[in-house]
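Presented below is the structure to which this report refers.
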Amino acid sequence: MSKKANSFQTPIGTRDIQADAAARRRALSGIFAEEADLAGYGELETPIFEDIGVFQRIGEGTDVVRKEMYEFTDKGDRRMALRPEGTAAVCRSFVQQRPTTPWKVWYQGPFFRYEAPQAGRYRQFEQIGTEVLGSADADVDVEVIALASRVISRVGLSRVLLVINSIGEPEDRRNYVEVLSEYLGGRIGDLDPADRDKVATHPLRVLDSKKAATRSVVDGAPVITDFLSAESRAHFDRVQEGLGALGIPFAIEPRLVRGLDYYSGTTFEFQASALEAAQNTICGGGRYNGLVEQLGGPPTPGIGFAMGVDRLLLACDAEGTFPAPNRNVDVWVVDVTDGASARDLTHLLRASGISADRSFDSRSMRSQMKAADRSGAALAVIIGDQELADDMVAIRRLREISDQILVPRSEMVDRVRSMLPEPT
């Protein structure tokens with residue numbers, strides 16, 4: 001008795017993305033590309049894996065670095081990591097290439113984090129984002145947020161709140177962290193056990209917690225906006241003024257610090273109220289004025305955001321918007337001769353910009369017409385023995401009752417094009 005073959009499954013936290021879902025993602029990517037192009041952003045593709053040191057710069061105290069990175073040693077004995085986020089790789093590229101500033105780029109692709117899978121969160125996940133490097137102007141902050149807002153609007157989401165904050169410059173944060181640490185230390189027994197060790201190492205991370213016990217403590221904590229320097233406050237005021245001028249509603253959330261250590265100045269999130277509060281962030285970002293320098297480059301201000309594609313599409317599902325695009329072909333070619341006409345005519349239709357498909361394996365007329373109906377095609381082009389002998393084709397509308405028409409084979413493309421419905 002032979003041993004039964006293994007039945008392989010997708011790894012935990014991953015999944016196969018089928019055709020309709022993939023088409024929906026392409027449509028989202030197309031919208032993002034259009035908006036980025038309008039604002040002068042060029043697409044950047046970075047490697048899926050990099051030297052692990054690139055990503056360690058995002059914060060040794062973060063869960064991303066301590067627990068979630070996929071790390072490996074390559075055959076050259078180099079320590080590498082699959083990219084867990086996009087900003088550090090973009091900054092590495094900036095340091096390596098030294099482009100003219102301001103450098104405005106956008107990116108898309110898969111990212112990897114070893115974390116517990118849940119709704120809208122996978123170990124391999126898709127993000128789309130932007131980065132602007134080389135300008136500290138508050139109006140850049142406004143431009144970046146506005147780009148995200150336009151994309152969110154174009155996919156039809158309306159139940160979304162933009163929340164913003166400023167976490168100031170390093171001196172502002174040092175002053176704030178000292179007071180925050182003292183406050184949290186006095187309430188450490190009330191914090192969720194998972195957050196208690198953060199008080200001594202990275203107290204700002206406590207503000208990110210979604211644990212109910214920790215949230216009740218954090219609600220009474222000092223707020224960083226009370227510790228901003230005059231310069232930081234003026235920058236934040238300018239951001240608020242710009243968002244108001246562009247008609248982009250927002251709320252100030254003084255405990256919004258984001259989850260990575262490189263942020264400074266403006267931070268922001270778009271939160272979808274149609275999703276559960278603990279998982280409702282569909283886009284987040286902020287300013288990071290020291291990351292390029294940490295990667296070996298000159299002091300260079302930067303700002304950007306990332307959209308989680310899965311989370312954003314979940315919000316679209318919850319609001320009943322942005323369905324998968326129609327993937328139906330225009331024409332189904334039915335050939336009950338030897339199949340050569342179906343081969344040649346589908347090629348001719350496709351070369352003319354008309355989507356077309358066919359059956360294979362010499363199926364019967366009945367089977368092929370059933371396939372045509374299932375395909376959603378608007379028209380069937382039919383070739384039988386008589387049509388083949390007369391160098392003609394029959395064209396039939398599949399979505400309404402009407403007689404089929406006979407046309408010369410040489411006129412098929414023009415006649416099909418005239419009979420197709422106007423695109424919506």
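By order of appearance in the structure tokens: chains A, B, ..., then residues from 1 within every chain, and ligands from 1 in the order shown.
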Find the spatial neighbours of range 35-42 of chain A, counting only C-alpha atoms, within a cut-off of 9 Å - ignore same-chain residues fewer than 3 positions away - and output them as an mmCIF file with C-alpha atoms, in the first residue's frame.
data_model
loop_
_atom_site.group_PDB
_atom_site.id
_atom_site.type_symbol
_atom_site.label_atom_id
_atom_site.label_comp_id
_atom_site.auth_asym_id
_atom_site.auth_seq_id
_atom_site.Cartn_x
_atom_site.Cartn_y
_atom_site.Cartn_z
ATOM 1 C CA GLY A 30 -5.147 51.825 -10.122
ATOM 2 C CA ILE A 31 -7.048 54.458 -8.133
ATOM 3 C CA PHE A 32 -4.054 54.995 -5.866
ATOM 4 C CA TRP A 103 11.597 63.083 -3.179
ATOM 5 C CA LYS A 104 7.974 62.018 -3.559
ATOM 6 C CA VAL A 105 7.362 58.294 -4.018
ATOM 7 C CA TRP A 106 4.631 55.721 -3.599
ATOM 8 C CA TYR A 107 4.874 51.965 -3.240
ATOM 9 C CA THR A 130 3.633 57.162 0.083
ATOM 10 C CA GLU A 131 6.721 58.904 1.413
ATOM 11 C CA VAL A 132 8.048 62.434 0.949
ATOM 12 C CA GLU A 143 -0.640 67.163 0.974
ATOM 13 C CA LEU A 147 -3.839 62.205 -0.951
ATOM 14 C CA ALA A 148 -4.931 59.467 1.455
ATOM 15 C CA ARG A 150 -8.922 61.295 -1.821
ATOM 16 C CA VAL A 151 -8.200 57.582 -2.227
#
Nearby residues (only C-alpha atoms) at most 12 Å from Ala324 in chain A, same-chain spacing under 3 positions excluded, as a list in words:
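Residues near the query, excluding close chain neighbours: Gln18, Ala19, Asp20, Ala21, Ala22, Ala23, Arg24, Arg25, Arg26, Ala27, Leu28, Val155, Leu313, Cys316, Asp317, Gly320, Thr321, Arg327 and Asn328 of chain A.
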Near Phe94 in chain A, within 12 Å and counting only C-alpha atoms, which residues show up once chain neighbours fewer than 6 positions away are dropped, as a PyMOL selection string?
chain A and resi 44+46+87-88+100-105+131-134+291-293+295-302
For the residues in the current selection, export C-alpha atoms as a PDB file, in the first residue's frame.
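This is the output file result.pdb:
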ATOM      1  CA  LEU A  44       9.247  52.937  -6.145  1.00  0.00           C
ATOM      2  CA  THR A  46      12.109  48.011  -3.119  1.00  0.00           C
ATOM      3  CA  THR A  87       9.182  53.383   5.229  1.00  0.00           C
ATOM      4  CA  ALA A  88      12.563  52.046   6.334  1.00  0.00           C
ATOM      5  CA  THR A 100      16.835  65.354  -5.674  1.00  0.00           C
ATOM      6  CA  THR A 101      14.572  66.535  -2.864  1.00  0.00           C
ATOM      7  CA  PRO A 102      11.760  66.733  -2.138  1.00  0.00           C
ATOM      8  CA  TRP A 103      11.597  63.083  -3.179  1.00  0.00           C
ATOM      9  CA  LYS A 104       7.974  62.018  -3.559  1.00  0.00           C
ATOM     10  CA  VAL A 105       7.362  58.294  -4.018  1.00  0.00           C
ATOM     11  CA  GLU A 131       6.721  58.904   1.413  1.00  0.00           C
ATOM     12  CA  VAL A 132       8.048  62.434   0.949  1.00  0.00           C
ATOM     13  CA  LEU A 133      11.675  63.015   1.914  1.00  0.00           C
ATOM     14  CA  GLY A 134      13.539  66.303   2.098  1.00  0.00           C
ATOM     15  CA  LEU A 291      15.145  57.891  10.236  1.00  0.00           C
ATOM     16  CA  VAL A 292      17.285  58.746   7.199  1.00  0.00           C
ATOM     17  CA  GLU A 293      20.103  59.845   9.481  1.00  0.00           C
ATOM     18  CA  LEU A 295      20.365  54.719   8.118  1.00  0.00           C
ATOM     19  CA  GLY A 296      23.570  56.579   7.315  1.00  0.00           C
ATOM     20  CA  GLY A 297      22.206  59.563   5.386  1.00  0.00           C
ATOM     21  CA  PRO A 298      22.227  63.281   6.099  1.00  0.00           C
ATOM     22  CA  PRO A 299      19.582  64.803   8.408  1.00  0.00           C
ATOM     23  CA  THR A 300      16.479  64.598   6.213  1.00  0.00           C
ATOM     24  CA  PRO A 301      12.872  65.249   7.226  1.00  0.00           C
ATOM     25  CA  GLY A 302      10.249  62.825   5.964  1.00  0.00           C
TER      26      GLY A 302
END
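One distance worth recording is that between CA of Lys67 in chain A and CA of Gly120 in chain A, which is 19.5 Å.
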Based on DSSP run over this structure's backbone, return all residues of range 11-134 of chain A in helix (DSSP H, G or I), as number ranges by chain.
A: 19-38, 52-56, 63-68, 87-97
Would you please give, as a PyMOL selection string, all residues of range 228-378 of chain A that DSSP assigns to strand (DSSP E or B) based on the backbone?
chain A and resi 251-252+266-272+281-287+302-308+331-335+356-358
